[in-house]
$ cat run12.txt   # compact mmCIF, C-alpha atoms and all ligand atoms
# COMPACT_ATOMS: atom_id res chain seq x y z
CA MET A 1 265.82 183.22 -85.00
CA THR A 2 265.32 183.49 -81.28
CA ALA A 3 261.78 183.97 -80.08
CA PRO A 4 261.25 187.17 -78.10
CA ALA A 5 261.40 186.63 -74.36
CA THR A 6 257.89 187.96 -73.88
CA ALA A 7 255.18 187.75 -76.51
CA ALA A 8 253.53 191.06 -77.40
CA ARG A 9 250.51 191.54 -75.18
CA PRO A 10 247.29 193.00 -76.54
CA ALA A 11 246.39 196.63 -75.87
CA THR A 12 243.74 196.79 -73.17
CA LEU A 13 242.50 200.36 -73.81
CA LEU A 14 240.66 201.35 -76.98
CA THR A 15 240.38 205.09 -77.67
CA ILE A 16 237.84 206.38 -80.16
CA ASP A 17 237.59 210.04 -81.15
CA LEU A 18 234.48 210.81 -83.14
CA PRO A 19 235.23 213.25 -85.97
CA ASP A 20 233.21 216.50 -85.71
CA PRO A 21 230.92 215.70 -88.69
CA VAL A 22 230.07 212.31 -87.14
CA ARG A 23 229.37 213.96 -83.79
CA ASP A 24 227.14 216.58 -85.39
CA ALA A 25 225.18 214.06 -87.48
CA LEU A 26 224.59 211.85 -84.43
CA GLY A 27 223.60 214.85 -82.32
CA GLU A 28 221.11 216.12 -84.87
CA GLN A 29 219.36 212.76 -85.19
CA LEU A 30 219.35 211.99 -81.47
CA ALA A 31 217.91 215.42 -80.62
CA ALA A 32 214.76 214.45 -82.56
CA LEU A 33 214.16 211.29 -80.52
CA PRO A 34 211.93 211.18 -77.42
CA ARG A 35 212.73 210.46 -73.83
CA PRO A 36 213.25 206.69 -73.44
CA GLY A 37 210.27 204.98 -71.88
CA HIS A 38 207.88 207.92 -72.17
CA GLY A 39 204.76 207.42 -74.28
CA PRO A 40 204.35 205.10 -77.26
CA ALA A 41 207.14 206.86 -79.19
CA GLY A 42 209.45 206.15 -76.27
CA ASP A 43 208.82 202.41 -76.38
CA ILE A 44 212.25 201.09 -75.57
CA ASP A 45 212.48 198.33 -78.17
CA ARG A 46 211.40 200.74 -80.92
CA LEU A 47 213.78 203.37 -79.63
CA MET A 48 216.70 200.92 -79.46
CA THR A 49 215.95 200.15 -83.11
CA ARG A 50 216.03 203.87 -83.97
CA TYR A 51 219.34 204.29 -82.11
CA LEU A 52 220.75 201.36 -84.05
CA GLN A 53 219.76 202.99 -87.33
CA THR A 54 221.37 206.22 -86.18
CA PHE A 55 224.65 204.69 -85.02
CA ALA A 56 224.85 202.36 -88.01
CA ARG A 57 225.43 205.46 -90.18
CA MET A 58 228.80 206.07 -88.53
CA PRO A 59 231.83 205.29 -90.72
CA ALA A 60 232.23 201.50 -90.88
CA SER A 61 235.74 201.54 -89.39
CA LEU A 62 234.50 203.34 -86.27
CA LEU A 63 231.41 201.21 -85.97
CA GLN A 64 233.40 198.01 -86.32
CA GLN A 65 235.79 199.01 -83.55
CA ILE A 66 232.86 199.29 -81.15
CA LEU A 67 231.25 196.07 -82.40
CA ASP A 68 234.56 194.18 -82.11
CA PHE A 69 235.00 195.57 -78.59
CA GLY A 70 231.69 193.94 -77.69
CA ARG A 71 231.94 190.65 -79.50
CA HIS A 72 235.49 189.33 -79.18
CA ALA A 73 237.44 187.81 -76.30
CA ASP A 74 240.79 189.26 -77.36
CA THR A 75 239.78 192.93 -77.65
CA PRO A 76 240.46 195.61 -74.98
CA GLY A 77 238.47 195.63 -71.75
CA VAL A 78 237.81 199.36 -71.75
CA GLY A 79 236.88 201.80 -74.50
CA TYR A 80 237.23 205.57 -74.15
CA LEU A 81 235.01 207.45 -76.57
CA ARG A 82 235.43 211.20 -77.00
CA ASN A 83 233.68 213.99 -78.85
CA ALA A 84 230.19 212.50 -78.58
CA PRO A 85 227.27 214.92 -78.99
CA ALA A 86 225.80 216.51 -75.86
CA ASP A 87 222.54 218.19 -74.91
CA PRO A 88 222.54 221.97 -75.52
CA SER A 89 221.50 222.63 -71.91
CA LEU A 90 221.22 220.59 -68.75
CA PRO A 91 219.03 220.83 -65.64
CA PRO A 92 220.67 220.60 -62.22
CA THR A 93 222.48 217.38 -61.37
CA PRO A 94 219.85 215.18 -59.73
CA GLY A 95 220.11 214.66 -56.00
CA ASP A 96 219.46 211.44 -54.15
CA GLY A 97 220.72 209.08 -56.90
CA GLY A 98 218.29 210.27 -59.59
CA PRO A 99 216.26 210.20 -61.68
CA SER A 100 216.73 213.59 -63.29
CA SER A 101 213.84 215.86 -64.09
CA GLY A 102 213.56 218.83 -66.39
CA LYS A 103 215.73 217.54 -69.19
CA ALA A 104 214.46 219.11 -72.42
CA THR A 105 216.40 216.97 -74.92
CA PHE A 106 217.64 213.40 -74.72
CA VAL A 107 220.87 213.40 -76.66
CA ALA A 108 222.85 212.02 -73.70
CA GLU A 109 220.35 209.19 -73.29
CA GLY A 110 220.65 208.49 -77.02
CA VAL A 111 224.45 208.34 -76.85
CA LEU A 112 224.30 206.06 -73.81
CA LEU A 113 221.63 203.71 -75.14
CA GLY A 114 222.92 203.80 -78.72
CA LEU A 115 226.40 202.72 -77.61
CA SER A 116 224.83 200.14 -75.28
CA GLY A 117 222.86 198.69 -78.19
CA LEU A 118 226.07 198.10 -80.12
CA LEU A 119 227.36 195.97 -77.25
CA GLY A 120 224.18 194.09 -76.27
CA GLU A 121 220.89 194.97 -74.59
CA PRO A 122 220.49 197.45 -71.74
CA VAL A 123 218.79 195.76 -68.79
CA GLY A 124 217.47 196.91 -65.43
CA PHE A 125 217.69 195.21 -62.05
CA ALA A 126 214.86 195.78 -59.63
CA THR A 127 217.34 196.30 -56.80
CA GLU A 128 219.50 198.84 -58.62
CA LYS A 129 218.16 202.37 -59.28
CA ASN A 130 214.56 201.10 -59.11
CA GLY A 131 215.01 198.99 -62.20
CA ARG A 132 215.63 201.99 -64.46
CA LEU A 133 217.58 201.39 -67.68
CA VAL A 134 219.34 204.75 -67.50
CA HIS A 135 221.09 205.18 -64.16
CA ASP A 136 222.20 208.53 -62.80
CA VAL A 137 225.57 208.15 -61.09
CA VAL A 138 225.76 211.19 -58.84
CA PRO A 139 227.19 211.89 -55.40
CA VAL A 140 224.67 211.49 -52.57
CA ALA A 141 225.39 213.03 -49.17
CA THR A 142 224.20 210.02 -47.16
CA GLY A 143 226.40 207.73 -49.24
CA ALA A 144 229.52 209.93 -49.42
CA THR A 145 231.78 207.45 -47.63
CA THR A 146 230.23 204.23 -48.98
CA GLN A 147 231.73 201.79 -51.48
CA THR A 148 228.89 202.49 -53.92
CA ASN A 149 228.30 204.76 -56.90
CA GLN A 150 226.86 207.33 -54.44
CA GLY A 151 230.27 207.85 -52.86
CA SER A 152 232.64 210.78 -53.33
CA SER A 153 234.93 211.39 -50.35
CA VAL A 154 236.50 207.91 -50.44
CA PHE A 155 238.33 205.94 -53.14
CA LEU A 156 235.90 203.42 -54.60
CA ASN A 157 238.03 200.26 -54.66
CA PHE A 158 238.57 198.17 -57.77
CA HIS A 159 235.44 196.10 -58.30
CA ASN A 160 233.03 194.90 -60.89
CA ASP A 161 229.30 195.50 -60.76
CA ILE A 162 227.73 192.29 -59.51
CA VAL A 163 224.12 191.34 -58.86
CA HIS A 164 222.76 189.37 -55.94
CA ASP A 165 221.30 186.07 -57.14
CA ALA A 166 219.57 183.32 -55.17
CA SER A 167 222.00 180.81 -56.73
CA GLY A 168 224.72 182.24 -54.48
CA ARG A 169 226.79 183.28 -57.53
CA TYR A 170 226.78 187.03 -57.99
CA ASP A 171 228.66 186.96 -61.30
CA LEU A 172 225.87 184.97 -62.97
CA ALA A 173 223.35 187.75 -63.53
CA SER A 174 225.81 190.61 -63.56
CA PRO A 175 226.02 192.89 -66.59
CA ASP A 176 228.54 191.98 -69.27
CA PHE A 177 229.20 195.68 -69.90
CA LEU A 178 228.63 199.03 -68.25
CA VAL A 179 228.48 202.20 -70.25
CA LEU A 180 229.31 205.38 -68.34
CA SER A 181 228.63 208.67 -70.05
CA CYS A 182 229.56 212.04 -68.61
CA LEU A 183 227.07 214.91 -68.53
CA ARG A 184 228.92 217.01 -65.97
CA ALA A 185 232.41 216.68 -64.49
CA ASP A 186 233.05 217.23 -60.77
CA HIS A 187 233.73 220.82 -59.67
CA ASP A 188 237.48 220.37 -59.44
CA GLY A 189 237.84 218.03 -62.41
CA VAL A 190 239.73 215.49 -60.33
CA ALA A 191 237.32 212.54 -60.27
CA GLY A 192 239.16 209.75 -62.08
CA THR A 193 237.71 206.48 -63.29
CA TYR A 194 240.13 203.55 -63.46
CA TYR A 195 240.11 200.25 -65.31
CA ALA A 196 242.43 197.33 -64.64
CA ASP A 197 242.30 194.58 -67.25
CA ALA A 198 242.59 191.04 -65.88
CA ARG A 199 245.26 190.22 -68.48
CA ASP A 200 247.41 193.04 -67.14
CA ILE A 201 246.58 192.15 -63.54
CA CYS A 202 247.66 188.52 -64.05
CA HIS A 203 250.85 189.68 -65.76
CA VAL A 204 252.06 191.59 -62.69
CA LEU A 205 250.79 189.19 -59.99
CA ASP A 206 253.22 186.72 -58.44
CA ALA A 207 252.43 183.05 -59.17
CA GLU A 208 251.41 182.27 -55.60
CA SER A 209 248.90 185.12 -55.31
CA LEU A 210 247.48 184.23 -58.71
CA GLU A 211 246.97 180.61 -57.72
CA ILE A 212 245.18 181.67 -54.55
CA LEU A 213 242.98 184.15 -56.44
CA ARG A 214 242.07 181.35 -58.85
CA SER A 215 240.88 179.17 -55.91
CA PRO A 216 237.36 179.23 -54.38
CA LEU A 217 238.39 180.96 -51.16
CA PHE A 218 236.32 184.14 -51.36
CA ARG A 219 232.79 185.23 -50.54
CA MET A 220 231.39 188.38 -52.12
CA ASN A 221 229.04 190.66 -50.23
CA ALA A 222 225.94 191.67 -52.19
CA PRO A 223 225.91 195.19 -53.66
CA GLY A 224 225.33 198.10 -51.28
CA SER A 225 221.94 198.83 -52.86
CA TYR A 226 220.77 195.26 -52.22
CA VAL A 227 222.05 195.20 -48.64
CA ARG A 228 220.51 198.63 -47.94
CA ASP A 229 217.16 198.32 -49.71
CA VAL A 230 216.37 194.59 -49.62
CA ALA A 231 218.32 192.97 -46.78
CA GLY A 232 217.68 195.70 -44.19
CA GLY A 233 221.36 196.44 -43.76
CA THR A 234 222.46 192.83 -43.23
CA GLU A 235 225.39 191.63 -45.30
CA VAL A 236 224.49 188.82 -47.73
CA TYR A 237 227.48 186.75 -48.84
CA SER A 238 227.87 184.62 -51.96
CA GLU A 239 229.04 181.03 -51.93
CA LEU A 240 232.81 180.48 -51.96
CA VAL A 241 234.13 181.56 -55.34
CA PRO A 242 237.48 182.25 -57.03
CA MET A 243 238.19 185.85 -57.96
CA ILE A 244 239.92 185.01 -61.23
CA GLY A 245 238.83 182.28 -63.63
CA GLY A 246 239.20 181.20 -67.24
CA PRO A 247 242.17 180.73 -69.58
CA ASP A 248 245.40 182.70 -69.10
CA SER A 249 244.90 184.43 -72.46
CA CYS A 250 241.49 185.84 -71.50
CA PRO A 251 240.82 185.61 -67.77
CA GLU A 252 237.61 186.80 -66.09
CA VAL A 253 237.84 188.66 -62.78
CA SER A 254 235.21 189.55 -60.20
CA ALA A 255 235.42 191.56 -56.98
CA ALA A 256 232.56 192.92 -54.89
CA ALA A 257 232.79 196.59 -54.02
CA ASN A 258 230.83 196.10 -50.83
CA GLY A 259 233.18 193.69 -49.09
CA ILE A 260 234.88 190.35 -49.68
CA ARG A 261 235.53 187.69 -47.06
CA ALA A 262 238.75 185.85 -47.79
CA HIS A 263 239.13 182.39 -46.27
CA GLY A 264 242.45 182.35 -44.39
CA ALA A 265 245.44 184.67 -44.08
CA PRO A 266 247.06 183.79 -47.46
CA ALA A 267 243.79 184.57 -49.24
CA ARG A 268 243.48 187.87 -47.35
CA ALA A 269 247.02 188.79 -48.44
CA ALA A 270 246.25 187.82 -52.05
CA LEU A 271 243.21 190.08 -51.97
CA ASP A 272 245.38 193.04 -50.92
CA ARG A 273 247.85 192.12 -53.63
CA LEU A 274 245.03 192.13 -56.18
CA GLN A 275 244.03 195.72 -55.31
CA GLN A 276 247.70 196.72 -55.48
CA ALA A 277 248.12 195.02 -58.88
CA CYS A 278 245.04 196.90 -60.13
CA ARG A 279 246.56 200.23 -59.08
CA GLU A 280 249.79 199.32 -60.89
CA VAL A 281 248.19 198.50 -64.24
CA ALA A 282 245.06 200.65 -64.35
CA HIS A 283 244.13 203.00 -67.16
CA GLU A 284 243.04 206.37 -65.77
CA VAL A 285 240.35 208.51 -67.35
CA PHE A 286 238.95 211.87 -66.24
CA LEU A 287 235.54 211.86 -67.85
CA ARG A 288 234.31 215.14 -69.33
CA PRO A 289 230.96 216.03 -70.91
CA GLY A 290 230.66 214.34 -74.29
CA GLU A 291 232.87 211.44 -73.23
CA ALA A 292 231.90 207.87 -72.47
CA LEU A 293 233.57 204.77 -71.14
CA LEU A 294 232.65 201.33 -72.43
CA ILE A 295 233.53 198.96 -69.61
CA ASN A 296 233.74 195.21 -70.05
CA ASN A 297 232.54 194.03 -66.63
CA ARG A 298 234.13 190.57 -66.97
CA LYS A 299 237.52 191.34 -68.48
CA GLY A 300 238.54 193.74 -65.74
CA LEU A 301 237.79 195.76 -62.61
CA HIS A 302 237.02 199.46 -62.35
CA ALA A 303 237.42 202.05 -59.60
CA ARG A 304 236.87 205.75 -58.92
CA SER A 305 239.00 208.30 -57.13
CA SER A 306 237.68 210.46 -54.34
CA PHE A 307 236.43 213.95 -55.16
CA THR A 308 234.62 216.76 -53.39
CA ALA A 309 230.85 216.92 -53.77
CA ARG A 310 228.99 220.13 -52.96
CA TYR A 311 225.36 219.00 -53.42
CA ASP A 312 224.61 222.28 -55.17
CA GLY A 313 223.03 220.97 -58.38
CA ARG A 314 226.35 221.28 -60.24
CA ASP A 315 228.00 218.09 -59.01
CA ARG A 316 229.45 215.33 -61.15
CA TRP A 317 226.79 213.59 -63.22
CA LEU A 318 227.25 210.38 -65.17
CA GLN A 319 224.59 208.31 -66.83
CA ARG A 320 225.10 204.56 -66.76
CA THR A 321 223.62 201.47 -68.35
CA TYR A 322 224.01 197.81 -67.50
CA VAL A 323 224.30 195.76 -70.67
CA ARG A 324 223.82 192.04 -71.26
CA ARG A 325 224.76 190.40 -74.53
CA ASP A 326 222.25 187.64 -73.79
CA GLN A 327 219.28 187.71 -71.45
CA TRP A 328 218.55 183.99 -71.89
CA PRO A 329 220.82 182.75 -69.05
CA ILE A 330 219.06 185.09 -66.59
CA ARG A 331 215.47 184.52 -67.71
CA HIS A 332 214.70 182.79 -64.39
CA ARG A 333 214.82 186.20 -62.72
CA ALA A 334 212.90 188.25 -65.29
CA VAL A 335 210.21 190.36 -63.63
CA PRO A 336 206.86 189.18 -65.08
CA GLY A 337 205.52 191.52 -67.74
CA SER A 338 208.90 193.07 -68.44
CA ARG A 339 211.41 192.05 -71.07
CA ARG A 340 214.41 193.85 -69.64
CA LEU A 341 213.88 193.94 -65.90
CA HIS A 342 215.45 191.30 -63.67
O1 LIG B 1 231.90 207.05 -60.85
C1 LIG B 1 232.61 206.34 -61.57
O2 LIG B 1 233.50 206.81 -62.31
C2 LIG B 1 232.43 204.85 -61.55
C3 LIG B 1 231.39 204.44 -60.55
C4 LIG B 1 231.08 202.97 -60.62
O3 LIG B 1 231.82 202.15 -60.18
C5 LIG B 1 229.85 202.56 -61.25
O4 LIG B 1 229.03 203.41 -61.61
O5 LIG B 1 229.65 201.34 -61.39
FE FE B 2 231.03 200.12 -60.50
$ encode --input "run12.txt" --output "structure tokens"
Amino acid sequence: MTAPATAARPATLLTIDLPDPVRDALGEQLAALPRPGHGPAGDIDRLMTRYLQTFARMPASLLQQILDFGRHADTPGVGYLRNAPADPSLPPTPGDGGPSSGKATFVAEGVLLGLSGLLGEPVGFATEKNGRLVHDVVPVATGATTQTNQGSSVFLNFHNDIVHDASGRYDLASPDFLVLSCLRADHDGVAGTYYADARDICHVLDAESLEILRSPLFRMNAPGSYVRDVAGGTEVYSELVPMIGGPDSCPEVSAAANGIRAHGAPARAALDRLQQACREVAHEVFLRPGEALLINNRKGLHARSSFTARYDGRDRWLQRTYVRRDQWPIRHRAVPGSRRLH
């Protein structure tokens, strides 16, 4: 028998639709839980334990799909979860990058943190959203054209969320996963989130570009929040790093949103080719309330389309966590007195 010319490649998008009874049971239990981080009952480690109890009651087949997504190298890089419970009412979309105020129930926070807890541990970074565990991803007028989560009127290029580190490697401390959960869609419903899996990217790249992208010819600029809030607007570049690493069967990819310096013309061309390859292979999702994206921040790159923000309290509103499976490798940067802040 002749072997097939191309081996079957793994699916890189996982879709999970919660059945209505599962949604309703989750919603009922989460509605009884307090605001994370507020008062003794909101103690985050206790609350993460309560979320785990709540989510563990889901049907085993559903639960295992999410656990496998988090724990295995060969599973998809992005998970699209639909029909999650939502809060019965919402205050205005927060301005200025959050946090929100006036939220009466914390179902959305429970969905976000409960899913995060199935993948690892939500962590905060002092330089991102003031170290909060629950990030509000909302359009901000002063950041409308920036390559950050505050942007709206420009395409946010394919990137992963990296973290400035004194070691000069910005992939070291970066989250393993992001969870994005939608509370409110944009006015026109056109804001798309994209995910390009490195396995699919490598499949469409030409051999020469791939070899260049696997070579340490690139410097990543630190995230916009770090450059803006810590470095006084000065760009802070990483050491020379490759953009793609690891075995062909499960490559890791990293790309700064806030600018990459490529060393030499061939590397600059390969960088363009990488963005083009991402556009060719990306999964596209238009997040709606009650929907969440589980994003593996090492297996692939994500992006966001442009959309129109009105700054009227009804703009697009996502909540986001940064999740680490293991905090041990980044313990050197833990903020004293905190177990989850780096
Ligand atoms: O707004 C989105 O859909 C994604 C934004 C993003 O890249 C992020 O929050 O890390
Ligand atoms: Fe991002």
$ residues_around --input "run12.txt" --residues "A:Thr193" --least-positions-apart "3" --cutoff "8 Å" --atoms "all atoms listed in the file" --output "list in words"
Glu284, Val285, Phe286, Leu287, His302, Ala303, Arg304 and Ser305 of chain A
$ closest_atom_pairs --input "run12.txt" --of "chain A" --to "ligand LIG 1 (chain B)" --cutoff "8 Å" --atoms "all atoms listed in the file" --output "CSV"
residue,atom,partner,partner_atom,distance
A:Val137,CA,B:LIG1,O4,5.9
A:Val138,CA,B:LIG1,O1,7.7
A:Thr148,CA,B:LIG1,O3,6.9
A:Asn149,CA,B:LIG1,C3,4.8
A:Leu156,CA,B:LIG1,O3,7.0
A:His159,CA,B:LIG1,O3,7.3
A:Asn160,CA,B:LIG1,O5,7.3
A:Asp161,CA,B:LIG1,O5,5.9
A:Leu178,CA,B:LIG1,O5,7.3
A:Leu180,CA,B:LIG1,O4,7.0
A:Ala191,CA,B:LIG1,O2,7.2
A:Gly192,CA,B:LIG1,O2,6.4
A:Thr193,CA,B:LIG1,O2,4.3
A:Tyr194,CA,B:LIG1,O2,7.5
A:Leu287,CA,B:LIG1,O2,7.8
A:His302,CA,B:LIG1,O3,6.2
A:Ala303,CA,B:LIG1,O3,5.6
A:Arg304,CA,B:LIG1,O2,4.9
A:Ser305,CA,B:LIG1,O2,7.7
A:Leu318,CA,B:LIG1,O1,7.2
A:Arg320,CA,B:LIG1,O4,6.6
$ closest_residue --input "run12.txt" --among "A:Asp200, A:Asp171, A:Glu235, A:Asp248" --to "A:Cys278" --atoms "all atoms listed in the file"
A:Asp200
$ atom_distance --input "run12.txt" --atom1 "atom CA of A:Val281" --atom2 "atom CA of A:Ala196"
5.9 Å
$ closest_residue --input "run12.txt" --among "A:His283, A:Arg9, A:Arg214, A:His342" --to "A:Thr75" --atoms "all atoms listed in the file"
A:Arg9
$ closest_residue --input "run12.txt" --among "A:Gly264, A:Gly233, A:Pro289, A:Gly337" --to "A:Pro88" --atoms "all atoms listed in the file"
A:Pro289
$ closest_residue --input "run12.txt" --among "A:Ala262, A:Ile16, A:Ile330, A:Ile44" --to "A:Arg132" --atoms "only C-alpha atoms"
A:Ile44
$ closest_residue --input "run12.txt" --among "A:Val236, A:Leu217, A:Val335, A:Ile260" --to "A:Ala166" --atoms "all atoms listed in the file"
A:Val236
$ residues_near_point --input "run12.txt" --point "(240.8, 220.1, -54.7)" --cutoff "12 Å" --atoms "only C-alpha atoms" --output "PDB file with C-alpha atoms, in the coordinates of the input"
ATOM      1  CA  SER A 153     234.930 211.390 -50.350  1.00  0.00           C
ATOM      2  CA  ASP A 186     233.050 217.230 -60.770  1.00  0.00           C
ATOM      3  CA  HIS A 187     233.730 220.820 -59.670  1.00  0.00           C
ATOM      4  CA  ASP A 188     237.480 220.370 -59.440  1.00  0.00           C
ATOM      5  CA  GLY A 189     237.840 218.030 -62.410  1.00  0.00           C
ATOM      6  CA  VAL A 190     239.730 215.490 -60.330  1.00  0.00           C
ATOM      7  CA  ALA A 191     237.320 212.540 -60.270  1.00  0.00           C
ATOM      8  CA  SER A 306     237.680 210.460 -54.340  1.00  0.00           C
ATOM      9  CA  PHE A 307     236.430 213.950 -55.160  1.00  0.00           C
ATOM     10  CA  THR A 308     234.620 216.760 -53.390  1.00  0.00           C
ATOM     11  CA  ALA A 309     230.850 216.920 -53.770  1.00  0.00           C
ATOM     12  CA  ARG A 310     228.990 220.130 -52.960  1.00  0.00           C
TER      13      ARG A 310
END
$ atom_distance --input "run12.txt" --atom1 "atom CA of A:Arg279" --atom2 "atom CA of A:Arg184"
25.3 Å
$ residues_around --input "run12.txt" --residues "A:Pro242" --least-positions-apart "2" --cutoff "6 Å" --atoms "only C-alpha atoms" --output "list in words"
Leu213, Arg214, Ser215, Pro216 and Ile244 of chain A
